[in-house]
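File shown: model.cif (mmCIF, C-alpha atoms).
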data_start
#
loop_
_atom_site.label_atom_id
_atom_site.label_comp_id
_atom_site.auth_asym_id
_atom_site.auth_seq_id
_atom_site.Cartn_x
_atom_site.Cartn_y
_atom_site.Cartn_z
CA MET A 137 -0.70 36.63 -42.80
CA GLU A 138 0.53 39.49 -44.94
CA GLY A 139 -0.24 43.19 -44.90
CA LYS A 140 0.24 45.94 -42.35
CA MET A 141 0.07 45.90 -38.57
CA LYS A 142 0.10 48.39 -35.72
CA VAL A 143 3.10 48.50 -33.40
CA CYS A 144 3.46 50.53 -30.20
CA VAL A 145 7.00 51.95 -30.01
CA LEU A 146 8.87 53.88 -27.37
CA THR A 147 10.39 56.92 -29.10
CA GLY A 148 11.85 58.63 -26.03
CA LYS A 149 11.49 58.79 -22.28
CA GLN A 150 7.78 58.48 -21.50
CA LYS A 151 6.85 58.80 -25.19
CA LEU A 152 4.91 55.99 -26.85
CA GLU A 153 3.61 56.17 -30.42
CA TRP A 154 1.60 53.91 -32.69
CA THR A 155 3.25 53.17 -35.99
CA GLU A 156 2.37 50.97 -38.93
CA ARG A 157 4.76 48.31 -40.19
CA ASP A 158 4.66 45.35 -42.53
CA ILE A 159 3.56 42.12 -40.88
CA PRO A 160 6.81 40.14 -40.53
CA GLN A 161 7.04 36.90 -42.48
CA PRO A 162 8.60 33.81 -40.92
CA GLY A 163 12.03 32.82 -42.13
CA LYS A 164 13.63 29.42 -41.91
CA GLY A 165 13.01 27.94 -38.46
CA GLU A 166 10.55 30.66 -37.41
CA LEU A 167 6.87 30.98 -36.57
CA GLN A 168 4.65 33.95 -37.30
CA ILE A 169 2.45 34.61 -34.28
CA LYS A 170 -0.68 36.76 -33.90
CA LEU A 171 -0.20 38.22 -30.46
CA GLU A 172 -3.21 38.20 -28.17
CA TYR A 173 -1.62 39.20 -24.84
CA VAL A 174 1.64 40.85 -23.84
CA GLY A 175 2.71 41.37 -20.23
CA VAL A 176 4.33 44.55 -18.97
CA CYS A 177 7.65 43.77 -17.29
CA GLY A 178 9.71 45.88 -14.93
CA SER A 179 12.27 46.23 -17.71
CA ASP A 180 9.58 47.80 -19.93
CA LEU A 181 8.82 50.28 -17.15
CA HIS A 182 12.50 51.17 -16.75
CA PHE A 183 12.84 51.85 -20.48
CA TYR A 184 9.62 53.89 -20.44
CA GLU A 185 10.43 55.93 -17.32
CA GLU A 186 14.20 56.36 -17.73
CA GLY A 187 14.97 55.61 -21.39
CA GLN A 188 17.40 52.94 -20.28
CA LEU A 189 17.79 49.68 -18.42
CA ALA A 190 21.16 48.91 -16.84
CA ASN A 191 23.71 49.38 -19.66
CA TRP A 192 21.12 49.45 -22.48
CA THR A 193 20.04 52.91 -23.61
CA LEU A 194 17.20 53.72 -25.95
CA ASP A 195 18.84 54.69 -29.25
CA GLY A 196 15.81 54.91 -31.50
CA PRO A 197 12.23 53.66 -31.67
CA LEU A 198 11.82 50.39 -29.74
CA ALA A 199 8.78 48.17 -29.38
CA LEU A 200 8.65 47.02 -25.77
CA GLY A 201 7.20 43.74 -24.47
CA HIS A 202 8.64 40.26 -24.19
CA GLU A 203 5.99 38.24 -22.33
CA PRO A 204 3.45 37.24 -25.00
CA GLY A 205 0.87 34.62 -25.70
CA GLY A 206 -0.57 34.20 -29.17
CA VAL A 207 -1.62 31.96 -32.03
CA VAL A 208 0.54 30.61 -34.86
CA THR A 209 -0.52 32.14 -38.20
CA ALA A 210 2.32 30.98 -40.49
CA ILE A 211 5.18 28.51 -40.33
CA GLY A 212 8.66 28.97 -41.74
CA GLU A 213 10.66 26.43 -43.69
CA GLY A 214 11.94 23.47 -41.70
CA VAL A 215 9.69 23.93 -38.67
CA GLU A 216 8.07 20.78 -37.33
CA GLY A 217 5.72 20.18 -34.43
CA PHE A 218 3.55 23.28 -34.92
CA ALA A 219 0.41 23.95 -36.93
CA VAL A 220 -1.40 27.12 -37.89
CA GLY A 221 -3.87 27.78 -35.07
CA ASP A 222 -1.66 26.43 -32.27
CA LYS A 223 -1.62 28.57 -29.13
CA VAL A 224 1.93 29.40 -28.03
CA SER A 225 4.02 31.09 -25.41
CA ILE A 226 7.51 32.23 -26.29
CA GLU A 227 10.80 32.43 -24.51
CA PRO A 228 11.95 36.01 -25.14
CA ALA A 229 15.65 35.33 -25.66
CA VAL A 230 17.04 33.56 -28.72
CA PRO A 231 20.51 32.05 -28.25
CA CYS A 232 22.99 31.53 -31.08
CA GLY A 233 22.96 27.74 -30.70
CA GLN A 234 26.62 27.54 -31.77
CA CYS A 235 28.76 28.69 -28.84
CA GLU A 236 30.18 26.42 -26.15
CA ASP A 237 27.49 27.37 -23.61
CA CYS A 238 24.71 26.63 -26.10
CA ARG A 239 26.27 23.31 -27.08
CA LYS A 240 26.46 22.34 -23.40
CA GLY A 241 22.77 23.10 -22.95
CA HIS A 242 23.33 26.37 -21.07
CA TYR A 243 21.76 28.58 -23.72
CA ASN A 244 20.77 31.14 -21.08
CA LEU A 245 24.49 31.90 -20.73
CA CYS A 246 25.00 32.45 -24.48
CA LYS A 247 27.09 35.57 -25.05
CA ASN A 248 25.37 36.11 -28.41
CA ILE A 249 21.81 35.80 -27.14
CA LYS A 250 19.29 38.23 -28.65
CA MET A 251 16.59 39.41 -26.27
CA LEU A 252 13.26 40.91 -27.23
CA ALA A 253 12.76 44.59 -26.35
CA ILE A 254 16.47 45.40 -25.99
CA PRO A 255 18.03 48.22 -28.07
CA GLY A 256 20.42 46.86 -30.67
CA GLU A 257 19.13 43.31 -30.22
CA ARG A 258 15.46 42.84 -31.12
CA ASP A 259 12.24 44.81 -31.07
CA GLY A 260 9.71 43.69 -28.50
CA VAL A 261 6.26 42.32 -29.20
CA ASN A 262 3.86 45.18 -28.42
CA ALA A 263 2.49 44.62 -31.89
CA GLU A 264 -0.22 42.66 -33.63
CA TYR A 265 2.22 40.04 -35.02
CA CYS A 266 5.77 38.86 -34.50
CA VAL A 267 8.09 36.19 -35.83
CA HIS A 268 10.14 34.14 -33.42
CA SER A 269 12.48 31.18 -33.52
CA ALA A 270 10.30 28.07 -33.34
CA ASN A 271 12.70 26.33 -30.99
CA MET A 272 11.99 29.08 -28.44
CA CYS A 273 8.19 28.76 -28.80
CA TYR A 274 6.12 26.42 -26.67
CA LYS A 275 2.79 24.98 -27.72
CA LEU A 276 0.14 25.48 -25.05
CA PRO A 277 -2.17 22.63 -24.08
CA ASP A 278 -5.84 22.91 -25.05
CA ASN A 279 -6.86 23.77 -21.49
CA MET A 280 -4.58 26.85 -21.34
CA THR A 281 -5.41 30.27 -22.72
CA THR A 282 -2.98 32.60 -24.46
CA LEU A 283 -3.37 34.94 -21.47
CA GLN A 284 -2.01 32.16 -19.26
CA GLY A 285 0.69 31.58 -21.88
CA ALA A 286 1.76 35.21 -21.58
CA MET A 287 2.21 34.73 -17.84
CA ILE A 288 4.56 31.73 -18.14
CA GLU A 289 7.77 33.77 -18.45
CA PRO A 290 7.12 36.03 -15.42
CA LEU A 291 5.94 33.02 -13.42
CA ALA A 292 9.10 31.10 -14.32
CA VAL A 293 11.31 34.05 -13.33
CA GLY A 294 9.55 34.31 -9.95
CA MET A 295 9.68 30.57 -9.34
CA HIS A 296 13.37 30.44 -10.26
CA GLN A 297 14.20 33.23 -7.82
CA GLU A 298 12.15 31.63 -5.04
CA CYS A 299 13.87 28.27 -5.60
CA LEU A 300 17.30 29.91 -5.52
CA THR A 301 16.38 31.78 -2.34
CA ALA A 302 14.91 28.68 -0.68
CA ASP A 303 17.90 26.59 -1.75
CA ALA A 304 20.28 29.18 -0.31
CA ARG A 305 18.34 29.36 2.97
CA ALA A 306 18.10 25.58 3.29
CA SER A 307 21.76 24.94 2.58
CA ARG A 308 23.31 27.85 4.46
CA ASN A 309 24.29 25.78 7.51
CA LEU A 310 25.19 22.54 5.74
CA PRO A 311 28.73 21.29 5.18
CA GLU A 312 30.09 21.90 1.65
CA HIS A 313 29.44 18.38 0.30
CA PHE A 314 25.84 18.49 1.52
CA ARG A 315 25.31 21.90 -0.10
CA GLU A 316 26.59 20.52 -3.41
CA ALA A 317 24.26 17.53 -3.13
CA ALA A 318 21.34 19.84 -2.33
CA GLN A 319 22.10 21.95 -5.42
CA ILE A 320 22.30 18.86 -7.63
CA ARG A 321 18.97 17.65 -6.21
CA PHE A 322 17.46 21.09 -6.81
CA MET A 323 18.44 20.79 -10.48
CA ASN A 324 16.34 17.58 -10.64
CA VAL A 325 19.28 15.26 -11.16
CA PRO A 326 17.59 11.95 -10.25
CA GLU A 327 20.67 9.98 -9.33
CA ILE A 328 24.41 10.43 -9.03
CA VAL A 329 26.39 7.38 -10.14
#

Step by step, read the file and then write its structure as structure tokens.
Amino acid sequence: MEGKMKVCVLTGKQKLEWTERDIPQPGKGELQIKLEYVGVCGSDLHFYEEGQLANWTLDGPLALGHEPGGVVTAIGEGVEGFAVGDKVSIEPAVPCGQCEDCRKGHYNLCKNIKMLAIPGERDGVNAEYCVHSANMCYKLPDNMTTLQGAMIEPLAVGMHQECLTADARASRNLPEHFREAAQIRFMNVPEIV
């Protein structure tokens, strides 16, 4: 899709404005996605209310939103496994893929990760379209809606925290070697050889 789109941007504390921008075109390894739903995260509320989140401060117009569900509308060079019309959910952070943590499979620890809706990193997705790295997009099954797809990231965050809390409670009174075994089991390691 080419043309113009509407984007909702935060221009200051408690100041949102609609602006018009070019519809972004997918580059190598990217998908263009028509966004149908975008969740509102606590981080969005912090930026809106306070103009900052932790050490990130609003330094110019910023589109908020990082919990979307949408439909693929264009596919960049080299992308496989997706077709125009596929429903997708996206992971909002894009790691570099080159650092030691990324190469070990711990991309969430990448020091060069670029997160949606963070000043100086990437605009968010409170827009009609976005482009995103295809390897951080997940095709939804036919029986899921894009609304459900938009809820995957907040659900995963909540489930992760609950599992960490439950794991900590369950292992609090165990000897060290049992706690380590419980953590390995929690990470779905099927067998230790």

Point to revise | From A:Val143, A:Val220, A:Leu283, A:Leu245, residue lying nearest A:Ile159 [only C-alpha atoms] | key: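 Smallest separation from A:Ile159 among the options: A:Val143.
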
Practice item. Compile the contact shell of A:Leu198 as a PyMOL selection string: residues with an atom at most 10 Å away, counting all atoms listed in the file, same-chain residues fewer than 4 positions apart removed. Key: chain A and resi 143-148+152+183+194+252-256+258-262

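Atom pair atom CA of A:Glu166 / atom CA of A:Ala292 has a distance of 23.1 Å (rounded to one decimal).
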
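You will find atom CA of A:Glu172 at 6.7 Å from atom CA of A:Thr282.
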
Hits of the PyMOL selection byres ((chain A and resi 227) around 8) in this structure, as a PDB file with C-alpha atoms, in the coordinates of the input:
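Saved as out.pdb:
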ATOM      1  CA  GLU A 203       5.990  38.240 -22.330  1.00  0.00           C
ATOM      2  CA  SER A 225       4.020  31.090 -25.410  1.00  0.00           C
ATOM      3  CA  ILE A 226       7.510  32.230 -26.290  1.00  0.00           C
ATOM      4  CA  PRO A 228      11.950  36.010 -25.140  1.00  0.00           C
ATOM      5  CA  ALA A 229      15.650  35.330 -25.660  1.00  0.00           C
ATOM      6  CA  VAL A 230      17.040  33.560 -28.720  1.00  0.00           C
ATOM      7  CA  MET A 272      11.990  29.080 -28.440  1.00  0.00           C
ATOM      8  CA  CYS A 273       8.190  28.760 -28.800  1.00  0.00           C
ATOM      9  CA  TYR A 274       6.120  26.420 -26.670  1.00  0.00           C
ATOM     10  CA  GLU A 289       7.770  33.770 -18.450  1.00  0.00           C
TER      11      GLU A 289
END

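Across the structure, atom CA of A:Gly205 and atom CA of A:His182 are spaced 22.1 Å apart.
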
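Residues captured in this structure file are Lys223, Val224, Lys275 and Pro277 of chain A, according to the PyMOL selection byres ((chain A and resi 276) around 6).
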
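Nearest-residue note for A:Gly175: choosing from A:Gly201, A:Val207, A:Glu216, A:Gly221, the minimum distance belongs to A:Gly201, counting only C-alpha atoms.
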
Check your understanding: A:Glu264, A:Ile249, A:Gly217, A:Val174: which is nearest A:Ile288, counting all atoms listed in the file?
Key ->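 Using all atoms listed in the file, A:Ile288 sits closest to A:Val174.
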
Check your understanding: Do you know which residues the PyMOL selection byres ((chain A and resi 208) around 9) returns on this file, as a ChimeraX atom specification?
Key -> /A:167-171,206-207,209-211,218-224

Exercise for review: Find, counting all atoms listed in the file, the residue in A:Lys142, A:Glu257, A:His242, A:Gln234 that gets nearest to A:Asp195.
Suggested key: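 Of the candidates, the smallest distance to A:Asp195 is held by A:Glu257.
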
**Study point:** Nearest candidate to A:Gly196 (options A:Lys149, A:Thr281, A:Gly241, A:Pro162; using only C-alpha atoms)
**Key:**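 Checking each of A:Lys149, A:Thr281, A:Gly241, A:Pro162 against A:Gly196, counting only C-alpha atoms, the winner is A:Lys149.
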
Please give the centre and size of the box around stretch 176-190 of chain A (axis-aligned, containing every atom listed in the file, 4 Å added per side), with values in Å to one decimal and written as lines of an AutoDock Vina configuration file.
center_x = 12.7
center_y = 50.1
center_z = -18.2
size_x = 24.8
size_y = 20.6
size_z = 14.5
